[in-house]
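For reference, the structure is listed below as structure tokens.
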Amino acid sequence: MKKKLAVVLIAALTVSTLAVGCGSSKDSSSTDTKETKTESTKDSVSNEGNTFTVGFDAEYPPYGYMDDDGEYTGFDLELAQAVCDLEGWTLVKKPINWDSKDMELNSGSIDCIWNGFTMNGREDDYTFSTPYVDNSQVIVVAENSGIEKLSDLAGKTVGVQAASAALDLLNSEEEGGQKALADTFGSLNEFADYNTAFTELQAGALDALAIDIGVAKYQINSRGDGYKILDETLNKEQYAIGFKKGNTELCDKVNADLEKLAEDGTVEKLAEKYEIADMVTLK
């Protein structure tokens with residue numbers, strides 16, 4: 001009888017977990033010590049169906065990154081935590097390889113992609129939240145480079161993050177795309193993250209970087225003088241949270257929470273903290 005009762009209880013808890021729409025599992029063997037610590041917390045509550053696993057690029061400040069104390073933080077992650085506080089969920093922060101984000105989402109190892117994720121041109125591939133940041137793709141160069149406008153990039157070596165919106169834009173021949181510009185470059189080099197790309201720019205191995213303006217401002221502020229953003233932008237776009245296509249239940253729940261957090265001033269406070277108040281659209 002005890003064995004049969006245990007099976008029934010386990011089944012009931014499994015149904016409860018599925019009903020929430022969150023609480024995806026994750027392979028702790030692929031994570032570092034910090035993430036393993038987070039995973040153990042997740043395991044202790046996963047049967048209660050109240051975890052929320054966010055996939056993010058850990059090298060993408062100010063939206064998601066590791067701070068000086070070894071903690072994952074950033075505007076997006078703090079906003080995700082605020083949503084979890086409203087819902088009574090435990091936030092699980094899962095750093096991912098950005099070019100593997102679709103695999104992570106479709107496999108169920110993350111509940112959403114939340115980290116400076118451009119929705120424009122991807123509307124048919126995901127269920128997106130309300131957009132929360134207006135963003136631009138820009139070009140960063142050294143102040144003494146002599147590069148003042150996009151046409152000056154002809155023959156130059158330009159860096160970009162792999163699987164990024166900037167790369168998609170530079171490869172696009174559709175209206176608003178910038179492949180014609182990219183074809184004038186001497187070369188377009190892809191990097192796993194922008195920290196590495198900035199190091200190459202500083203060393204003179206790159207002439208320019210194609211990058212999101214929020215990330216560009218953060219990097220320049222962190223590194224000091226010596227860089228500038230060209231006045232001429234590549235395009236305009238918006239950030240949103242990407243859920244698996246068709247997961248409208250979870251998306252609607254998060255959207256409602258974002259509205260509450262905008263109304264109570266949480267969004268504005270975080271935007272000011274991370275110096276992106278002029279870009280955030282949730283008011």
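If you're wondering about the labels, chains in the structure tokens are A, B, ... by order shown, residues count from 1 in each chain, ligands from 1 in order shown.
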Contacts of Leu150 in chain A at 9 Å or less, counting only C-alpha atoms, minus same-chain residues fewer than 3 places along, as a ChimeraX atom specification? /A:139,147,153-154,181,230,232-234
With a distance cut-off of 8 Å and only C-alpha atoms, select the neighbouring residues of Tyr239 in chain A, excluding the residue or stretch itself and same-chain residues fewer than 3 positions from it, and output the selection as number ranges by chain. A: 116-119, 131-135
Range 75-133 of chain A near range 260-267 of chain A within 10 Å: what's each residue's closest atom pair and its distance in Å to one decimal, counting only C-alpha atoms, ordered by chain then ascending residue number, as a tab-separated table?
```
residue	atom	partner	partner_atom	distance
A:Phe75	CA	A:Val267	CA	9.0
A:Glu78	CA	A:Val267	CA	9.5
A:Leu79	CA	A:Val267	CA	7.2
A:Ala82	CA	A:Leu261	CA	7.7
A:Val83	CA	A:Leu261	CA	7.9
A:Leu86	CA	A:Leu261	CA	9.1
A:Tyr132	CA	A:Val267	CA	9.5
```
Which one is closest to Asp207 in chain A: A:Val158, A:Ile96, A:Cys251, A:Leu282? Count only C-alpha atoms. A:Val158
Taking the DSSP secondary structure from the backbone, can you list the residues of range 147-205 of chain A that are alpha helix (DSSP H), as an MDAnalysis selection string? chainID A and resid 165:171 179:182 194:203
Print the selection's residues with all heavy atoms to a file, as a compact mmCIF listing (two decimals), in the first residue's frame.
```txt
# COMPACT_ATOMS: atom_id res chain seq x y z
N ALA A 165 21.95 39.58 -33.68
CA ALA A 165 21.10 40.35 -34.58
C ALA A 165 21.94 41.19 -35.53
O ALA A 165 21.57 41.40 -36.69
CB ALA A 165 20.17 41.24 -33.77
N ALA A 166 23.09 41.67 -35.04
CA ALA A 166 23.97 42.46 -35.89
C ALA A 166 24.49 41.63 -37.07
O ALA A 166 24.55 42.11 -38.21
CB ALA A 166 25.13 43.01 -35.08
N LEU A 167 24.85 40.38 -36.79
CA LEU A 167 25.32 39.50 -37.87
C LEU A 167 24.20 39.21 -38.86
O LEU A 167 24.40 39.24 -40.07
CB LEU A 167 25.86 38.20 -37.27
CG LEU A 167 26.36 37.17 -38.29
CD1 LEU A 167 27.51 37.74 -39.12
CD2 LEU A 167 26.80 35.89 -37.58
N ASP A 168 23.00 38.93 -38.33
CA ASP A 168 21.85 38.69 -39.21
C ASP A 168 21.62 39.89 -40.12
O ASP A 168 21.34 39.74 -41.31
CB ASP A 168 20.59 38.43 -38.39
CG ASP A 168 20.63 37.09 -37.65
OD1 ASP A 168 21.47 36.24 -38.02
OD2 ASP A 168 19.84 36.92 -36.71
N LEU A 169 21.72 41.08 -39.54
CA LEU A 169 21.50 42.31 -40.30
C LEU A 169 22.54 42.46 -41.41
O LEU A 169 22.20 42.81 -42.55
CB LEU A 169 21.56 43.51 -39.35
CG LEU A 169 21.36 44.89 -39.97
CD1 LEU A 169 19.93 45.05 -40.46
CD2 LEU A 169 21.70 45.97 -38.95
N LEU A 170 23.79 42.20 -41.09
CA LEU A 170 24.86 42.36 -42.07
C LEU A 170 24.83 41.28 -43.15
O LEU A 170 25.47 41.43 -44.20
CB LEU A 170 26.22 42.36 -41.36
CG LEU A 170 26.48 43.59 -40.49
CD1 LEU A 170 27.72 43.39 -39.62
CD2 LEU A 170 26.64 44.85 -41.36
N ASN A 171 24.10 40.21 -42.91
CA ASN A 171 23.95 39.14 -43.91
C ASN A 171 22.65 39.26 -44.69
O ASN A 171 22.42 38.49 -45.63
CB ASN A 171 24.00 37.77 -43.23
CG ASN A 171 25.40 37.37 -42.82
OD1 ASN A 171 26.38 37.77 -43.47
ND2 ASN A 171 25.52 36.59 -41.76
N LYS A 179 23.62 43.89 -46.04
CA LYS A 179 24.61 43.04 -46.71
C LYS A 179 25.45 43.84 -47.71
O LYS A 179 26.66 43.58 -47.87
CB LYS A 179 23.93 41.88 -47.44
CG LYS A 179 24.94 40.85 -47.98
CD LYS A 179 24.27 39.66 -48.59
CE LYS A 179 25.30 38.58 -48.95
NZ LYS A 179 26.37 39.09 -49.84
N ALA A 180 24.83 44.80 -48.36
CA ALA A 180 25.57 45.62 -49.33
C ALA A 180 26.72 46.35 -48.63
O ALA A 180 27.82 46.47 -49.18
CB ALA A 180 24.63 46.62 -50.00
N LEU A 181 26.46 46.82 -47.41
CA LEU A 181 27.52 47.47 -46.64
C LEU A 181 28.59 46.45 -46.25
O LEU A 181 29.79 46.71 -46.40
CB LEU A 181 26.93 48.11 -45.38
CG LEU A 181 27.95 48.69 -44.39
CD1 LEU A 181 28.67 49.88 -45.01
CD2 LEU A 181 27.26 49.09 -43.09
N ALA A 182 28.15 45.29 -45.76
CA ALA A 182 29.10 44.25 -45.32
C ALA A 182 29.99 43.78 -46.47
O ALA A 182 31.16 43.42 -46.25
CB ALA A 182 28.35 43.08 -44.72
N TYR A 194 31.25 39.72 -26.96
CA TYR A 194 31.76 41.06 -27.26
C TYR A 194 32.93 41.46 -26.36
O TYR A 194 33.67 42.39 -26.69
CB TYR A 194 30.64 42.09 -27.19
CG TYR A 194 29.84 42.15 -28.47
CD1 TYR A 194 28.49 41.84 -28.50
CD2 TYR A 194 30.45 42.52 -29.67
CE1 TYR A 194 27.76 41.90 -29.68
CE2 TYR A 194 29.74 42.58 -30.86
CZ TYR A 194 28.39 42.26 -30.87
OH TYR A 194 27.69 42.31 -32.04
N ASN A 195 33.10 40.83 -25.22
CA ASN A 195 34.28 41.11 -24.41
C ASN A 195 35.54 40.79 -25.19
O ASN A 195 36.51 41.55 -25.22
CB ASN A 195 34.25 40.31 -23.11
CG ASN A 195 33.28 40.89 -22.11
OD1 ASN A 195 33.01 42.08 -22.11
ND2 ASN A 195 32.76 40.04 -21.24
N THR A 196 35.53 39.62 -25.84
CA THR A 196 36.67 39.21 -26.66
C THR A 196 36.83 40.14 -27.85
O THR A 196 37.96 40.55 -28.20
CB THR A 196 36.48 37.77 -27.16
OG1 THR A 196 36.31 36.90 -26.04
CG2 THR A 196 37.67 37.31 -27.99
N ALA A 197 35.72 40.51 -28.47
CA ALA A 197 35.78 41.38 -29.64
C ALA A 197 36.36 42.76 -29.28
O ALA A 197 37.17 43.31 -30.04
CB ALA A 197 34.38 41.53 -30.24
N PHE A 198 35.97 43.30 -28.12
CA PHE A 198 36.52 44.59 -27.70
C PHE A 198 38.01 44.51 -27.44
O PHE A 198 38.76 45.46 -27.70
CB PHE A 198 35.77 45.10 -26.46
CG PHE A 198 34.77 46.17 -26.76
CD1 PHE A 198 33.46 45.85 -27.02
CD2 PHE A 198 35.16 47.50 -26.82
CE1 PHE A 198 32.52 46.84 -27.31
CE2 PHE A 198 34.25 48.50 -27.12
CZ PHE A 198 32.91 48.17 -27.36
N THR A 199 38.44 43.38 -26.90
CA THR A 199 39.88 43.18 -26.67
C THR A 199 40.64 43.22 -27.99
O THR A 199 41.72 43.81 -28.09
CB THR A 199 40.13 41.84 -25.95
OG1 THR A 199 39.46 41.85 -24.70
CG2 THR A 199 41.61 41.61 -25.73
N GLU A 200 40.05 42.62 -29.02
CA GLU A 200 40.67 42.64 -30.35
C GLU A 200 40.66 44.05 -30.95
O GLU A 200 41.62 44.45 -31.62
CB GLU A 200 39.92 41.67 -31.28
CG GLU A 200 40.05 40.20 -30.90
CD GLU A 200 41.47 39.70 -31.05
OE1 GLU A 200 41.98 39.68 -32.19
OE2 GLU A 200 42.10 39.37 -30.03
N LEU A 201 39.59 44.80 -30.69
CA LEU A 201 39.53 46.18 -31.17
C LEU A 201 40.60 47.02 -30.49
O LEU A 201 41.30 47.82 -31.13
CB LEU A 201 38.14 46.76 -30.90
CG LEU A 201 37.91 48.21 -31.33
CD1 LEU A 201 38.01 48.35 -32.84
CD2 LEU A 201 36.55 48.71 -30.84
N GLN A 202 40.75 46.81 -29.19
CA GLN A 202 41.74 47.55 -28.42
C GLN A 202 43.16 47.23 -28.90
O GLN A 202 44.03 48.12 -28.94
CB GLN A 202 41.60 47.21 -26.94
CG GLN A 202 42.51 48.01 -26.02
CD GLN A 202 42.24 47.70 -24.56
OE1 GLN A 202 41.70 46.65 -24.22
NE2 GLN A 202 42.61 48.62 -23.67
N ALA A 203 43.36 45.98 -29.27
CA ALA A 203 44.70 45.56 -29.73
C ALA A 203 44.99 45.99 -31.16
O ALA A 203 46.13 45.86 -31.63
CB ALA A 203 44.81 44.05 -29.61
```
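Pairwise distance (CA of Ala208 in chain A, CA of Tyr227 in chain A) equals 9.9 Å.
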Close residues, Thr90 in chain A itself excluded, 7 Å, only C-alpha atoms, min 3 positions apart in chain, as a ChimeraX atom specification: /A:50-52,84
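Closest to Ser145 in chain A among A:Leu188, A:Gly159, A:Leu206, A:Lys101 is A:Leu206, based on only C-alpha atoms.
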Pick the closest to Asp257 in chain A from A:Thr130, A:Ser107, A:Thr53, A:Asn115: which is it, counting only C-alpha atoms? A:Thr130
